[in-house]
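Notes follow the structure.
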Amino acid sequence: MSDRLRFEDPRPGSLLERSDRTARRSAAEARFRAYGLGAVLIGILALAMLLTSVLSSGLGAFRQAYLHVPIYLSEAALDKSGTRDVEDLKKVTTIGYGKVIAAALNNAVARAGIVVDGLTDKEIADLISREAPAQFRNMVLADPDLLGQTVEVPILANGRIDGYLKGRVTMETAALDSNVSPRQLQLADAMIQRGLMSLDFNRAFLIAPDASDQRPEAAGLGVAILGSAYMMLIVLVLALPIGVAASIYLEEFAPKNRLTDLIEVNIANLAAVPSIVFGILGLAIFINFAGLPQSAPMVGGLVLTLMTLPTIIIATRASLKAVPPSIREAALGVGASRMQAVFHHVLPLAAPGILTGAILGLAQALGETAPLLLIGMVAFVREFPDAPPEGLFDPASALPVQIYNWTQRADPAFVERASGAILVLLAFLLVMNAAAILLRRRFERRW
Amino acid sequence: MKDILIPELDVTADSTKISARGVQVYYGETHAIRDIDVDIPDKAVTALIGPSGCGKSTFLRCLNRMNDTITTARVQGDIRIDGEEIHDPRIDPVQLRAKVGMVFQKPNPFPKSIRDNVAYGPKIHGLTRTRAELDEVVEKSLRRAALWDEVKDRLDAPGTGLSGGQQQRLCIARAIATSPQILLMDEPCSALDPIATAQIEELIDELRARFCVVIVTHSMQQAARVSQRTAFFHLGSLVEYGETGDIFTNPADPRTESYITGRIG
């Protein structure tokens, strides 16, 4: 650039000719746009892959193979005393019920004229889930008048049969599997043809408690959903008021000095503390020191409250800061006290932001697993917790922990269950985020 | 400056409403205003003029202790309203601000209905006992702010939906609804067009019959049009204070003359 123009000289040249410099700038801009678009596309692709994978392996959990066979609840077998006294009825174990159901199934297969070479009565009975006798027993204990009647309720099929109906188990795999034989699968085919077996909506997945390793077909999310709901309740009741009160004090009333600066820095740092650290804190304080029970939603809720507080405080302070100072001045100018200015004018304007922050904090807490493992919520819980407040201290599970739990189990049917549970968790998160967006739209006011 | 209209003087020296002596304001290390001595008369409009950053708004905000809300601000000196020192520890700034209303530079109605905007002050101070009384206060305040006829049919519409000039009159109505004795106005017309400005100026002239009005303005024409007394601030000091006519036709200080003839500012 030896012939550099002097500053005052008018720039020569035609506008129709593109200068090198302009061309380079345009090229740089085009490249940047391409990078951006590429980044977005990679993100969308990753999301699509995640969703496809979870949906393809998880949707099956919402359908379940059921046998449709009438069961005669024989008084002779199930109520030998004939008194229908519940205490007496309890003496008959699930084995007794198992026999009744097995007999009924064998009967039905014979009546339908299904013949499979080499199929034993035991193999026929094994089509039924080991959970089914317990379900019938509970049914009878709840309503002894069912004795002597023929009931037609869907009977839970064995997990392998369920897998066969969903395509997870094939004749080839069954030949190698000690738990299921190709003959049983042929029987299943025949029963489907005759309408004795079908895939139906799996309500139990959402309301039943967890089941043991051997009974994936019976495992449900009921206790986990309830436990998570209890914890969210505790987080909402504790974290929202404490967080909002702390933010209002820090933002509107606290003097600006070293101490409040220190608090501010610490809150920001707390938001970045790994969640498992909160779990150790909860274990040390709430269980070891305060003596609260393990696996209790109360402890989980308290730990998640500690974890959510920084998120809520940061969101609340940001939305309080976003309220224009002219509103505060206007209120103070007509003689409102600072508290009146905050509660009458600033807080309503900040409310959408606060609520959004709180819901996003809750959503984060809902998906949190690590701290719950440390406080014992990873336990196998089949009993539903009682209604609050006592139930808050009963053992319970939580959605993300249940997913973690299921992914640990050997039976491939639990892969489907875990993916299904992920879908349920995602659905809850989606609902919460949608609620946050709706609240924001609904209450957002211009000033 | 021939077009400046000098209002009749009807100020008597003994009706001092606000009396400031040796007022200093610091923002952190900055000495924003120094040694202000001024006596502001009742039932008159006093204009504070001066170039940007001269401290006129700062001084105005001392009069209702709005500077208290700025954490770095420190106010020293003696300010008396009706002979009562406003920094006296027995005085609650909330009560002071009910007595000294304020209208801000940018119209800042609450994002609520027009009625709620005006009714807010009377409500929090418990000035009215019944709904009917409150409605009466709202109507009177809006009438006095020359806004009633424009909004009487839509009192429940949001105050933020009004035009800029209407919003500023709504803010004036809101300020006078608490029945203050003093009205502070911080450049109330700077965000308004000439027509709205004329309306507000007319309104200020009417308000002077009932209130002690102190107005900060950038416009010397406005000061000349609406005020009876004018104080000229420069670099944090009060340079000259006197009757508006004298300040504009016969300034004593060369800096005042430079400013009003447009040489500094």
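FYI, nothing fancy with the structure tokens labels: chains A, B, ... in order, residues from 1 per chain, ligands from 1 as they appear.
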
Looking only at the backbone, which of the residues in range 46-101 of chain B does DSSP tag as alpha helix (DSSP H), as JSON, numbers by chain?
-> {"B": [56, 57, 58, 59, 60, 61, 62, 63, 93, 94, 95, 96, 97, 98, 99]}

Output N, CA and C atoms for every residue in the selection just made, as a compact mmCIF listing (two decimals), in the first residue's frame.
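Okay, this is what ended up in again.txt:
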# COMPACT_ATOMS: atom_id res chain seq x y z
N LYS B 56 -28.90 21.39 39.53
CA LYS B 56 -30.25 21.88 39.84
C LYS B 56 -31.20 20.75 40.19
N SER B 57 -31.11 19.61 39.46
CA SER B 57 -31.96 18.47 39.80
C SER B 57 -31.57 17.88 41.14
N THR B 58 -30.27 17.83 41.40
CA THR B 58 -29.79 17.32 42.69
C THR B 58 -30.38 18.13 43.83
N PHE B 59 -30.36 19.46 43.65
CA PHE B 59 -30.91 20.30 44.70
C PHE B 59 -32.40 20.05 44.88
N LEU B 60 -33.10 19.91 43.73
CA LEU B 60 -34.55 19.66 43.80
C LEU B 60 -34.82 18.38 44.59
N ARG B 61 -34.01 17.35 44.33
CA ARG B 61 -34.23 16.06 44.99
C ARG B 61 -33.87 16.11 46.47
N CYS B 62 -33.13 17.17 46.89
CA CYS B 62 -32.88 17.32 48.33
C CYS B 62 -34.15 17.71 49.06
N LEU B 63 -35.04 18.41 48.34
CA LEU B 63 -36.17 19.03 49.02
C LEU B 63 -37.20 18.01 49.49
N PRO B 93 -39.22 10.33 56.14
CA PRO B 93 -39.22 10.79 54.75
C PRO B 93 -40.51 10.47 54.01
N VAL B 94 -41.19 9.41 54.45
CA VAL B 94 -42.45 9.04 53.80
C VAL B 94 -43.48 10.15 53.98
N GLN B 95 -43.52 10.69 55.21
CA GLN B 95 -44.47 11.77 55.49
C GLN B 95 -44.08 13.04 54.75
N LEU B 96 -42.76 13.25 54.70
CA LEU B 96 -42.25 14.43 53.99
C LEU B 96 -42.67 14.37 52.52
N ARG B 97 -42.56 13.19 51.92
CA ARG B 97 -42.85 13.08 50.48
C ARG B 97 -44.34 13.17 50.21
N ALA B 98 -45.16 12.92 51.22
CA ALA B 98 -46.59 13.13 51.03
C ALA B 98 -46.88 14.63 51.01
N LYS B 99 -46.05 15.38 51.71
CA LYS B 99 -46.26 16.82 51.80
C LYS B 99 -45.60 17.54 50.62

Check: which chain B residues lie within 10 Å of chain A using only C-alpha atoms, as a VMD selection string = chain B and resid 61 64 to 66 69 71 to 72 92 to 112 117 to 118 120 to 122 124 to 125 158 to 161 171 174 to 178 180 184

Range 243-249 of chain A environment, 7 Å, only C-alpha atoms, sequence neighbours closer than 6 positions dropped, as a list of chain:residue names |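 Non-adjacent residues within range: A:Leu309, A:Ile312, A:Ile313, A:Thr316, A:Arg317.
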
Kindly give the distance, in Å, that separates CA of Ala370 in chain A and CA of Val401 in chain A, rounded to a single decimal.
-> 8.3 Å

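Atom pair CA of Glu172 in chain A / CA of Ala132 in chain A has a distance of 27.0 Å (rounded to one decimal).
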
Would you list the contacts of Arg194 in chain A as a PyMOL selection string, taking every protein, DNA or RNA residue within 12 Å and counting only C-alpha atoms, but skipping same-chain residues closer than 3 positions in sequence?
-> chain A and resi 67-69+108-109+111-114+187-191+197-198

Close residues, range 229-242 of chain A itself excluded, 7 Å, only C-alpha atoms, min 5 positions apart in chain, as an mmCIF file with N, CA and C atoms, in the first residue's frame:
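Result file result_8.cif:
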data_model
loop_
_atom_site.group_PDB
_atom_site.id
_atom_site.type_symbol
_atom_site.label_atom_id
_atom_site.label_comp_id
_atom_site.auth_asym_id
_atom_site.auth_seq_id
_atom_site.Cartn_x
_atom_site.Cartn_y
_atom_site.Cartn_z
ATOM 1 N N PRO A 297 -38.795 -38.196 51.256
ATOM 2 C CA PRO A 297 -38.948 -37.030 50.384
ATOM 3 C C PRO A 297 -38.626 -35.732 51.118
ATOM 4 N N MET A 298 -38.829 -35.706 52.454
ATOM 5 C CA MET A 298 -38.523 -34.505 53.221
ATOM 6 C C MET A 298 -37.051 -34.141 53.062
ATOM 7 N N GLY A 300 -34.939 -35.280 50.773
ATOM 8 C CA GLY A 300 -34.675 -34.974 49.362
ATOM 9 C C GLY A 300 -35.116 -33.565 49.031
ATOM 10 N N GLY A 301 -36.318 -33.194 49.495
ATOM 11 C CA GLY A 301 -36.845 -31.858 49.220
ATOM 12 C C GLY A 301 -35.959 -30.784 49.811
ATOM 13 N N LEU A 302 -35.461 -31.014 51.041
ATOM 14 C CA LEU A 302 -34.596 -30.010 51.675
ATOM 15 C C LEU A 302 -33.295 -29.850 50.892
ATOM 16 N N LEU A 304 -32.797 -30.535 47.718
ATOM 17 C CA LEU A 304 -33.072 -29.878 46.437
ATOM 18 C C LEU A 304 -33.406 -28.403 46.645
ATOM 19 N N THR A 305 -33.993 -28.066 47.796
ATOM 20 C CA THR A 305 -34.247 -26.658 48.106
ATOM 21 C C THR A 305 -32.931 -25.892 48.170
ATOM 22 N N THR A 308 -31.749 -25.396 44.720
ATOM 23 C CA THR A 308 -32.555 -24.537 43.861
ATOM 24 C C THR A 308 -32.482 -23.068 44.288
ATOM 25 N N LEU A 309 -32.221 -22.845 45.587
ATOM 26 C CA LEU A 309 -32.230 -21.466 46.102
ATOM 27 C C LEU A 309 -31.362 -20.504 45.278
ATOM 28 N N ALA A 358 -38.376 -19.581 39.042
ATOM 29 C CA ALA A 358 -38.724 -20.603 40.020
ATOM 30 C C ALA A 358 -39.082 -21.914 39.325
ATOM 31 N N LEU A 362 -37.257 -25.432 39.626
ATOM 32 C CA LEU A 362 -37.975 -26.652 39.987
ATOM 33 C C LEU A 362 -37.697 -27.758 38.974
ATOM 34 N N LEU A 366 -36.212 -31.325 39.637
ATOM 35 C CA LEU A 366 -36.948 -32.544 39.306
ATOM 36 C C LEU A 366 -36.044 -33.564 38.630
ATOM 37 N N LEU A 392 -44.330 -37.376 54.092
ATOM 38 C CA LEU A 392 -43.078 -36.758 53.670
ATOM 39 C C LEU A 392 -41.884 -37.445 54.318
#

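Residues within 9 Å of Ala351 in chain A, counting only C-alpha atoms and excluding same-chain residues fewer than 5 positions away, are Thr316, Ser319, Leu320, Val346, Thr356, Arg440, Phe443 and Glu444 of chain A.
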
With only C-alpha atoms as the atoms that count, which of B:Ala157, B:Ala47, B:Val137, B:Leu142 lies nearest to Gly245 in chain B?
-> B:Ala47

Using only C-alpha atoms, determine which residues lie at most 8 Å from range 27-43 of chain B, disregarding the query and same-chain residues fewer than 5 positions distant; provide the list as JSON, numbers by chain.
-> {"B": [11, 12, 13, 15, 16, 17, 18, 19, 20, 21, 22, 54, 55, 58, 59, 72, 73, 74, 208, 209, 210, 211, 212, 213, 235, 236, 237, 238, 241]}
